[in-house]
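Note: the block below is my_file-v4.txt and it holds compact mmCIF, C-alpha atoms.
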```txt
# COMPACT_ATOMS: atom_id res chain seq x y z
CA MET A 4 -24.12 -136.82 111.67
CA ILE A 5 -25.62 -139.71 109.72
CA GLN A 6 -25.92 -139.26 105.98
CA GLY A 7 -29.11 -140.68 104.52
CA ASN A 8 -30.06 -140.71 100.86
CA GLY A 9 -30.86 -137.03 100.27
CA PHE A 10 -30.86 -135.91 103.91
CA SER A 11 -28.80 -135.98 107.09
CA ILE A 12 -29.73 -136.63 110.70
CA LYS A 13 -27.94 -136.33 114.01
CA GLU A 14 -27.38 -139.60 115.81
CA SER A 15 -28.94 -138.10 118.96
CA LYS A 16 -32.31 -137.71 117.21
CA PHE A 17 -32.72 -141.45 117.39
CA ASP A 18 -32.58 -141.21 121.20
CA TYR A 19 -35.57 -138.86 121.04
CA PHE A 20 -37.44 -140.98 118.52
CA PHE A 21 -36.83 -144.28 120.31
CA GLY A 22 -37.59 -143.40 123.93
CA ARG A 23 -34.18 -142.76 125.45
CA VAL A 24 -34.43 -139.05 126.34
CA THR A 25 -34.77 -138.32 130.07
CA SER A 26 -33.77 -134.63 130.24
CA SER A 27 -37.13 -133.51 131.70
CA PRO A 28 -40.37 -135.29 132.59
CA HIS A 29 -42.13 -133.81 129.56
CA ASN A 30 -39.31 -134.67 127.16
CA GLN A 31 -39.14 -138.16 128.60
CA ALA A 32 -42.88 -138.63 128.11
CA ARG A 33 -42.64 -137.31 124.53
CA SER A 34 -39.69 -139.56 123.78
CA LEU A 35 -41.60 -142.58 125.13
CA GLN A 36 -44.64 -141.48 123.11
CA ASN A 37 -42.52 -141.45 119.97
CA LEU A 38 -41.23 -144.92 120.82
CA GLN A 39 -44.72 -146.28 121.42
CA ASP A 40 -46.25 -144.75 118.30
CA LEU A 41 -43.39 -145.86 116.06
CA LYS A 42 -43.75 -149.40 117.42
CA LYS A 43 -47.46 -149.34 116.60
CA LEU A 44 -46.52 -148.33 113.08
CA GLY A 45 -44.19 -151.33 112.87
CA ILE A 46 -40.97 -149.41 113.46
CA ASN A 47 -39.16 -151.25 116.23
CA GLU A 48 -35.54 -150.27 116.69
CA ALA A 49 -34.61 -153.76 117.88
CA ALA A 50 -36.01 -155.24 114.69
CA GLY A 51 -34.54 -153.08 111.95
CA GLY A 52 -36.63 -150.07 112.85
CA ARG A 53 -33.85 -147.56 112.41
CA GLU A 54 -33.30 -148.71 108.82
CA ARG A 55 -37.06 -148.63 108.17
CA LEU A 56 -37.25 -145.10 109.60
CA MET A 57 -34.32 -143.99 107.45
CA GLN A 58 -36.20 -145.28 104.39
CA ILE A 59 -39.33 -143.39 105.47
CA LEU A 60 -37.29 -140.22 105.96
CA GLU A 61 -36.00 -140.66 102.40
CA ASP A 62 -39.49 -141.37 101.05
CA GLY A 63 -40.72 -138.23 102.79
CA LEU A 64 -38.57 -136.02 100.58
CA SER A 65 -41.09 -136.54 97.78
CA SER A 66 -44.20 -136.67 100.00
CA PRO A 67 -46.81 -133.92 100.33
CA GLU A 68 -45.88 -130.76 102.19
CA VAL A 69 -48.19 -130.06 105.14
CA ARG A 70 -46.64 -126.84 106.45
CA ARG A 71 -43.58 -124.62 106.23
CA THR A 72 -41.88 -122.16 108.56
CA THR A 73 -38.98 -119.79 108.09
CA ASN A 74 -36.91 -118.27 110.87
CA ASP A 75 -33.46 -116.81 111.54
CA TYR A 76 -31.84 -120.21 111.10
CA GLY A 77 -33.47 -121.33 107.88
CA THR A 78 -36.59 -122.96 106.51
CA THR A 79 -38.37 -126.05 107.78
CA ILE A 80 -40.67 -127.96 105.47
CA VAL A 81 -42.89 -130.57 107.12
CA ARG A 82 -43.92 -133.48 104.92
CA GLN A 83 -46.19 -136.37 105.76
CA VAL A 84 -45.66 -140.04 104.94
CA GLU A 85 -48.46 -142.57 105.36
CA VAL A 86 -47.27 -145.64 107.29
CA SER A 87 -48.92 -148.94 108.14
CA GLY A 88 -47.80 -151.43 110.75
CA ALA A 89 -49.26 -154.69 112.03
CA GLU A 90 -50.82 -152.89 114.98
CA ALA A 91 -51.93 -149.60 113.51
CA ARG A 92 -52.16 -147.37 110.49
CA GLY A 93 -51.00 -143.81 110.64
CA ALA A 94 -48.55 -141.26 109.35
CA ILE A 95 -45.29 -139.61 110.25
CA GLU A 96 -44.80 -135.88 109.88
CA ILE A 97 -41.14 -135.25 109.07
CA PHE A 98 -39.43 -131.90 109.68
CA TYR A 99 -36.83 -131.19 106.96
CA PHE A 100 -34.64 -128.25 107.93
CA TYR A 101 -32.83 -126.25 105.24
CA PRO A 102 -30.20 -123.95 106.84
CA GLY A 103 -30.36 -120.26 106.07
CA GLY A 104 -28.47 -119.31 102.98
CA SER A 105 -28.90 -122.69 101.34
CA SER A 106 -31.42 -123.33 98.62
CA LEU A 107 -34.34 -125.69 99.08
CA SER A 108 -32.69 -128.04 96.64
CA ALA A 109 -29.87 -128.50 99.15
CA ARG A 110 -29.60 -131.48 101.44
CA PRO A 111 -31.92 -130.97 104.45
CA GLU A 112 -31.38 -132.09 108.01
CA ILE A 113 -34.10 -133.92 109.96
CA SER A 114 -35.03 -131.75 112.94
CA SER A 115 -37.99 -133.72 114.33
CA ILE A 116 -40.81 -136.11 113.55
CA ILE A 117 -44.39 -136.47 114.76
CA PRO A 118 -45.88 -139.96 114.48
CA LYS A 119 -49.69 -140.03 114.22
CA ILE A 120 -51.85 -143.06 114.84
CA TYR A 121 -55.18 -143.30 113.01
CA HIS A 122 -58.17 -145.05 114.51
CA MET B 15 -59.46 -126.43 138.16
CA GLU B 16 -60.15 -130.03 137.28
CA ILE B 17 -59.25 -132.10 134.25
CA GLN B 18 -61.58 -135.02 133.83
CA SER B 19 -61.05 -137.71 131.23
CA ILE B 20 -64.08 -138.39 129.07
CA ASP B 21 -64.79 -140.58 126.08
CA GLU B 22 -64.98 -139.43 122.48
CA SER B 23 -68.76 -139.57 122.28
CA LEU B 24 -69.13 -137.17 125.21
CA PHE B 25 -66.49 -134.87 123.73
CA ASN B 26 -68.41 -134.74 120.46
CA LYS B 27 -71.50 -133.50 122.33
CA ILE B 28 -69.66 -130.42 123.60
CA ASP B 29 -70.49 -127.23 121.71
CA GLY B 30 -67.84 -126.61 119.08
CA ILE B 31 -67.02 -123.21 120.57
CA ARG B 32 -66.09 -124.94 123.82
CA GLN B 33 -63.89 -127.55 122.15
CA ILE B 34 -60.93 -125.28 122.70
CA ILE B 35 -58.33 -127.84 121.68
CA ALA B 36 -59.30 -130.47 119.12
CA HIS B 37 -56.75 -132.59 117.23
CA ASP B 38 -57.52 -134.85 114.32
CA HIS B 39 -56.95 -138.54 115.09
CA ALA B 40 -57.28 -137.74 118.81
CA ARG B 41 -57.09 -140.64 121.24
CA ARG B 42 -57.62 -138.79 124.50
CA PHE B 43 -60.47 -136.51 125.50
CA ALA B 44 -61.04 -134.43 128.61
CA LEU B 45 -63.15 -131.75 130.23
CA ILE B 46 -61.47 -128.82 131.91
CA ASN B 47 -63.65 -127.20 134.53
CA LEU B 48 -63.00 -123.50 135.09
CA ASN B 49 -65.48 -123.04 137.91
CA ASP B 50 -67.91 -120.20 137.21
CA ILE B 51 -67.39 -120.22 133.45
CA GLY B 52 -68.01 -123.94 133.08
CA ASP B 53 -66.44 -126.78 131.17
CA TYR B 54 -64.26 -126.78 128.06
CA GLY B 55 -63.36 -129.82 126.00
CA ILE B 56 -59.91 -130.78 124.80
CA SER B 57 -58.75 -133.68 122.66
CA TRP B 58 -55.26 -134.78 121.80
CA ARG B 59 -53.31 -137.65 120.28
CA SER B 60 -50.62 -138.57 122.76
CA ASP B 61 -51.76 -141.04 125.38
CA LEU B 62 -48.58 -140.64 127.45
CA ILE B 63 -48.70 -136.83 127.50
CA GLU B 64 -50.82 -134.77 129.88
CA PRO B 65 -52.06 -131.27 128.97
CA ILE B 66 -50.03 -128.35 130.30
CA VAL B 67 -52.25 -125.97 132.26
CA THR B 68 -50.67 -122.75 133.53
CA LEU B 69 -52.21 -119.69 135.14
CA SER B 70 -50.91 -116.35 133.89
CA TYR B 71 -48.87 -114.25 136.29
CA ASP B 72 -51.81 -111.87 136.85
CA GLN B 73 -54.04 -114.92 137.42
CA LEU B 74 -56.57 -113.67 134.88
CA THR B 75 -55.87 -116.20 132.13
CA THR B 76 -55.59 -119.96 131.98
CA TRP B 77 -53.18 -121.23 129.33
CA ILE B 78 -53.67 -124.76 128.08
CA GLY B 79 -51.42 -126.61 125.66
CA VAL B 80 -51.04 -130.17 124.49
CA ASP B 81 -49.48 -131.74 121.41
CA ARG B 82 -49.72 -129.09 118.64
CA GLN B 83 -52.38 -126.77 120.00
CA LEU B 84 -52.50 -123.90 122.46
CA ALA B 85 -55.41 -122.01 124.01
CA ALA B 86 -55.86 -119.21 126.50
CA ILE B 87 -59.12 -118.55 128.34
CA GLU B 88 -59.86 -115.41 130.29
CA ILE B 89 -61.09 -116.61 133.63
CA ASN B 90 -63.44 -113.77 134.52
CA HIS B 91 -65.77 -114.09 131.53
CA GLY B 92 -64.72 -117.23 129.65
CA ARG B 93 -63.51 -115.47 126.54
CA ILE B 94 -61.11 -117.55 124.44
CA SER B 95 -58.35 -115.09 123.67
CA VAL B 96 -55.88 -117.49 122.02
CA ALA B 97 -56.58 -120.62 120.00
CA LEU B 98 -53.56 -121.53 117.95
CA SER B 99 -52.12 -124.47 116.04
CA LEU B 100 -48.41 -124.80 116.71
CA THR B 101 -45.83 -125.95 114.20
CA SER B 102 -44.35 -128.57 116.55
CA ASN B 103 -45.29 -130.22 119.84
CA ILE B 104 -45.56 -128.03 122.93
CA VAL B 105 -42.94 -128.53 125.65
CA GLN B 106 -43.61 -125.94 128.38
CA ILE B 107 -45.58 -122.81 129.29
CA LEU B 108 -43.86 -120.24 131.51
CA ALA B 109 -45.85 -117.39 133.09
CA LEU B 110 -43.84 -114.26 133.88
CA PRO B 111 -44.85 -110.79 135.16
CA SER B 112 -44.71 -109.17 131.72
CA LEU B 113 -45.40 -112.04 129.36
CA THR B 114 -46.18 -115.70 128.88
CA ALA B 115 -43.62 -117.84 127.08
CA VAL B 116 -44.71 -120.94 125.20
CA LEU B 117 -41.94 -123.36 124.32
CA THR B 118 -42.45 -125.85 121.53
CA GLU B 119 -39.93 -128.33 120.22
CA LEU B 120 -38.67 -125.91 117.59
CA GLU B 121 -39.99 -122.45 118.51
CA VAL B 122 -40.56 -120.14 121.44
CA LEU B 123 -43.59 -117.84 121.36
CA LEU B 124 -43.80 -114.80 123.60
CA PHE B 125 -47.25 -113.37 124.37
CA ASN B 126 -47.85 -109.95 125.90
CA MET B 127 -50.18 -109.78 128.88
CA ASP B 128 -53.03 -108.76 126.53
CA LYS B 129 -52.39 -112.05 124.67
CA SER B 130 -51.04 -110.39 121.53
CA ILE B 131 -47.92 -112.02 120.11
CA ARG B 132 -44.71 -110.25 121.09
CA CYS B 133 -42.47 -112.46 118.97
CA ILE B 134 -41.96 -115.97 117.65
CA LYS B 135 -38.39 -117.23 117.57
CA GLY B 136 -37.25 -120.35 115.78
CA LEU B 137 -34.86 -122.67 117.59
CA PRO B 138 -31.91 -124.49 116.04
CA ASP B 139 -32.65 -127.81 117.72
CA ILE B 140 -35.32 -129.59 119.75
CA SER B 141 -35.84 -127.78 123.03
CA SER B 142 -35.98 -129.28 126.48
CA GLN B 143 -36.72 -126.50 128.96
CA ILE B 144 -37.22 -122.77 129.35
CA SER B 145 -36.47 -120.72 132.45
CA ALA B 146 -36.26 -117.04 133.33
CA TYR B 147 -33.22 -115.21 134.64
CA GLY B 148 -33.94 -111.52 135.12
CA LYS B 149 -34.73 -110.05 131.70
CA ASN B 150 -33.55 -113.14 129.89
CA LEU B 151 -35.04 -116.47 128.99
CA VAL B 152 -32.69 -119.43 128.87
CA ILE B 153 -33.78 -122.13 126.47
CA LYS B 154 -32.06 -125.46 126.88
CA SER B 155 -31.91 -127.92 124.02
CA LEU B 156 -31.96 -131.70 124.15
CA GLU B 157 -28.28 -131.56 123.22
CA GLY B 158 -27.58 -129.53 126.37
CA ASP B 159 -26.93 -126.22 124.59
CA ASN B 160 -28.37 -123.00 125.99
CA LEU B 161 -29.83 -120.08 124.07
CA ILE B 162 -30.31 -116.76 125.85
CA LEU B 163 -33.23 -114.65 124.67
CA ASP B 164 -33.64 -111.03 125.77
CA ILE B 165 -37.36 -110.70 126.49
CA GLU B 166 -37.26 -106.92 126.06
CA THR B 167 -35.80 -106.94 122.56
CA GLY B 168 -36.81 -110.42 121.41
CA LEU B 169 -33.25 -111.02 120.26
CA PHE B 170 -30.92 -113.83 121.12
CA LYS B 171 -28.25 -112.10 123.19
CA GLU B 172 -25.41 -114.48 122.66
CA SER B 173 -24.50 -117.34 120.46
CA ILE B 174 -25.23 -120.84 121.63
CA ILE B 175 -23.45 -121.69 124.85
CA THR B 176 -22.69 -125.31 125.58
CA SER B 177 -23.48 -126.14 129.19
```

Mind turning this structure into structure tokens?
Amino acid sequence: MIQGNGFSIKESKFDYFFGRVTSSPHNQARSLQNLQDLKKLGINEAAGGRERLMQILEDGLSSPEVRRTTNDYGTTIVRQVEVSGAEARGAIEIFYFYPGGSSLSARPEISSIIPKIYH
Amino acid sequence: MEIQSIDESLFNKIDGIRQIIAHDHARRFALINLNDIGDYGISWRSDLIEPIVTLSYDQLTTWIGVDRQLAAIEINHGRISVALSLTSNIVQILALPSLTAVLTELEVLLFNMDKSIRCIKGLPDISSQISAYGKNLVIKSLEGDNLILDIETGLFKESIITS
């Protein structure tokens, strides 16, 4: 588990975000989609993209909430950060997961992201 | 059933009621032809992802999902019986004799055959695949863990099992 400033994230999430998941055709396509969209937003893993993404994940903690779900495991709050790269402008939805039993002021874990490219 | 790519201007000419899946900031647009009941429009964001189209077990309903939206159309008369925004991206649709299971990255939704929601279960990690074994659904995560969900009770039967 990687400890960011105010959040934590499993190392394996970066495989999903940066195109390295091959577990099923759909997951592979989604992982490659994440890779492509993050690159368009200027987040290239080979050029400091992981550090940039970590900063965005930190920035997201104080960004607007777009939706929230609660289940048996805890609460997920999705927040959106606007991002601009050389190739495109867009946003990243970030899924902050707060385990059941912990308060929402506790340190969340990143469960997923959804990059969005604007026209 | 055909899925035909179209451009945004043509999509925008489709009656709103027939735009069964419409994402903001969409980059891909398509027509789905359901024979006697005509064409429906869908739009989505992910240019590397194709829509998931699955016929229900009784072959009376077409389920369509892509990115964060899901729809179900009753084939005999064209009624849209489900049009739903999902909380995370869709991964798979599985049609079974008694229900249809919709797997998203972080949830599994079970629909009864009348398209009412049987249950929505949150998942502890990003999912990869769902399959049926008797009265159970096995949900595999990207990490390789398996969750077993009893489709009769809607409860996870066992704790996470590492494969």

Set the cut-off to 8 Å and count all atoms listed in the file: what are the residues of chain A that reach chain B? Output as a PDB file with C-alpha atoms, in the frame of the given file.
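Result file follows (iface_31.pdb):
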```
ATOM      1  CA  SER A  15     -28.940-138.100 118.960  1.00  0.00           C
ATOM      2  CA  SER A  26     -33.770-134.630 130.240  1.00  0.00           C
ATOM      3  CA  SER A  27     -37.130-133.510 131.700  1.00  0.00           C
ATOM      4  CA  HIS A  29     -42.130-133.810 129.560  1.00  0.00           C
ATOM      5  CA  ASN A  30     -39.310-134.670 127.160  1.00  0.00           C
ATOM      6  CA  ALA A  32     -42.880-138.630 128.110  1.00  0.00           C
ATOM      7  CA  ARG A  33     -42.640-137.310 124.530  1.00  0.00           C
ATOM      8  CA  LEU A  35     -41.600-142.580 125.130  1.00  0.00           C
ATOM      9  CA  GLN A  36     -44.640-141.480 123.110  1.00  0.00           C
ATOM     10  CA  ARG A  70     -46.640-126.840 106.450  1.00  0.00           C
ATOM     11  CA  THR A  72     -41.880-122.160 108.560  1.00  0.00           C
ATOM     12  CA  THR A  73     -38.980-119.790 108.090  1.00  0.00           C
ATOM     13  CA  ASN A  74     -36.910-118.270 110.870  1.00  0.00           C
ATOM     14  CA  ASP A  75     -33.460-116.810 111.540  1.00  0.00           C
ATOM     15  CA  TYR A  76     -31.840-120.210 111.100  1.00  0.00           C
ATOM     16  CA  SER A 114     -35.030-131.750 112.940  1.00  0.00           C
ATOM     17  CA  SER A 115     -37.990-133.720 114.330  1.00  0.00           C
ATOM     18  CA  LYS A 119     -49.690-140.030 114.220  1.00  0.00           C
ATOM     19  CA  ILE A 120     -51.850-143.060 114.840  1.00  0.00           C
ATOM     20  CA  TYR A 121     -55.180-143.300 113.010  1.00  0.00           C
ATOM     21  CA  HIS A 122     -58.170-145.050 114.510  1.00  0.00           C
TER      22      HIS A 122
END
```

Might you pull out every residue within 12 Å of Pro118 in chain A, with all atoms listed in the file counted and same-chain residues fewer than 2 positions away left off, and present them as an NGL selection string?
-> (:A and (20-21 or 33-46 or 56 or 59 or 82-87 or 91-98 or 115-116 or 120-121)) or (:B and (39 or 59-60 or 81 or 102-103))

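One finds CA of Thr114 in chain B at 22.5 Å from CA of Arg32 in chain B.
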
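If you look at CA of Met15 in chain B and CA of Gly79 in chain B, they are 14.9 Å away from each other.
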
What lies within 8 Å of Ser19 in chain B using all atoms listed in the file, ignoring chain neighbours under 4 positions off, as an NGL selection string?
-> :B and (42-45)

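Note that the spacing between CA of Trp58 in chain B and CA of Ala86 in chain B amounts to 16.3 Å.
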
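Closest approach to Ile107 in chain B from the set B:Asp164, B:Ile17, B:Ile34, B:Ser145 is made by B:Ser145, with distances taken over all atoms listed in the file.
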
Residue contacts of Ile89 in chain B (9 Å, only C-alpha atoms) excluding same-chain residues fewer than 2 positions away, as a list in words = Leu48, Asn49, Asp50, Ile51, Gln73, Leu74, Thr75, Thr76, Ile87, His91, Gly92 and Arg93 of chain B

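Minimum atom-to-atom distance to Glu166 in chain B, evaluated using all atoms listed in the file, belongs to B:Leu124 out of B:Ile56, B:Ala85, B:Leu124, B:Ile144.
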
Can you work out which one of A:Pro67, A:Asn47, A:Val24, A:Phe17 has the shortest atom-to-atom distance to Ala89 in chain A, counting all atoms listed in the file?
-> A:Asn47

List as a PyMOL selection string: which residues have an atom within 10 Å of (-27.0, -139.1, 105.1), counting only C-alpha atoms?
-> chain A and resi 4-13+57+61+110-112

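Every protein, DNA or RNA residue with an atom at most 12 Å from Lys149 in chain B, where only C-alpha atoms count and chain neighbours fewer than 4 positions away do not, is listed here: Leu110, Pro111, Ser112, Leu113, Ser145, Ile162, Leu163, Asp164, Ile165, Glu166, Thr167, Gly168, Leu169, Phe170 and Lys171 of chain B.
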
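For the residues B:Met127, B:Asn160, B:His37, B:Asp72, ranking by smallest atom-to-atom distance to Leu84 in chain B using all atoms listed in the file places B:His37 first.
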
Listed atoms of range 49-65 of chain A, axis-aligned box, 4 Å per side: centre and edge lengths to one decimal in Å, as JSON?
```
{"center_x": -37.2, "center_y": -145.6, "center_z": 107.8, "size_x": 15.8, "size_y": 27.2, "size_z": 28.1}
```

Residues within 7 Å of range 101-109 of chain A, please, as a PDB file with C-alpha atoms, keeping the file's coordinate frame. Count all atoms listed in the file; anything in the same chain fewer than 4 positions from it doesn't count.
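So the final result, stored in part_23.pdb, reads:
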```pdb
ATOM      1  CA  TYR A  76     -31.840-120.210 111.100  1.00  0.00           C
ATOM      2  CA  GLY A  77     -33.470-121.330 107.880  1.00  0.00           C
ATOM      3  CA  THR A  78     -36.590-122.960 106.510  1.00  0.00           C
ATOM      4  CA  THR A  79     -38.370-126.050 107.780  1.00  0.00           C
TER       5      THR A  79
END
```

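Of the listed residues (B:Val122, B:Glu16, B:Glu88, B:Ser23), B:Glu16 comes nearest to Pro65 in chain B; the distances count only C-alpha atoms.
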
Nearest to Arg71 in chain A: which of B:Val116, B:Leu100, B:Ala109, B:Leu151 is it, counting only C-alpha atoms?
-> B:Leu100
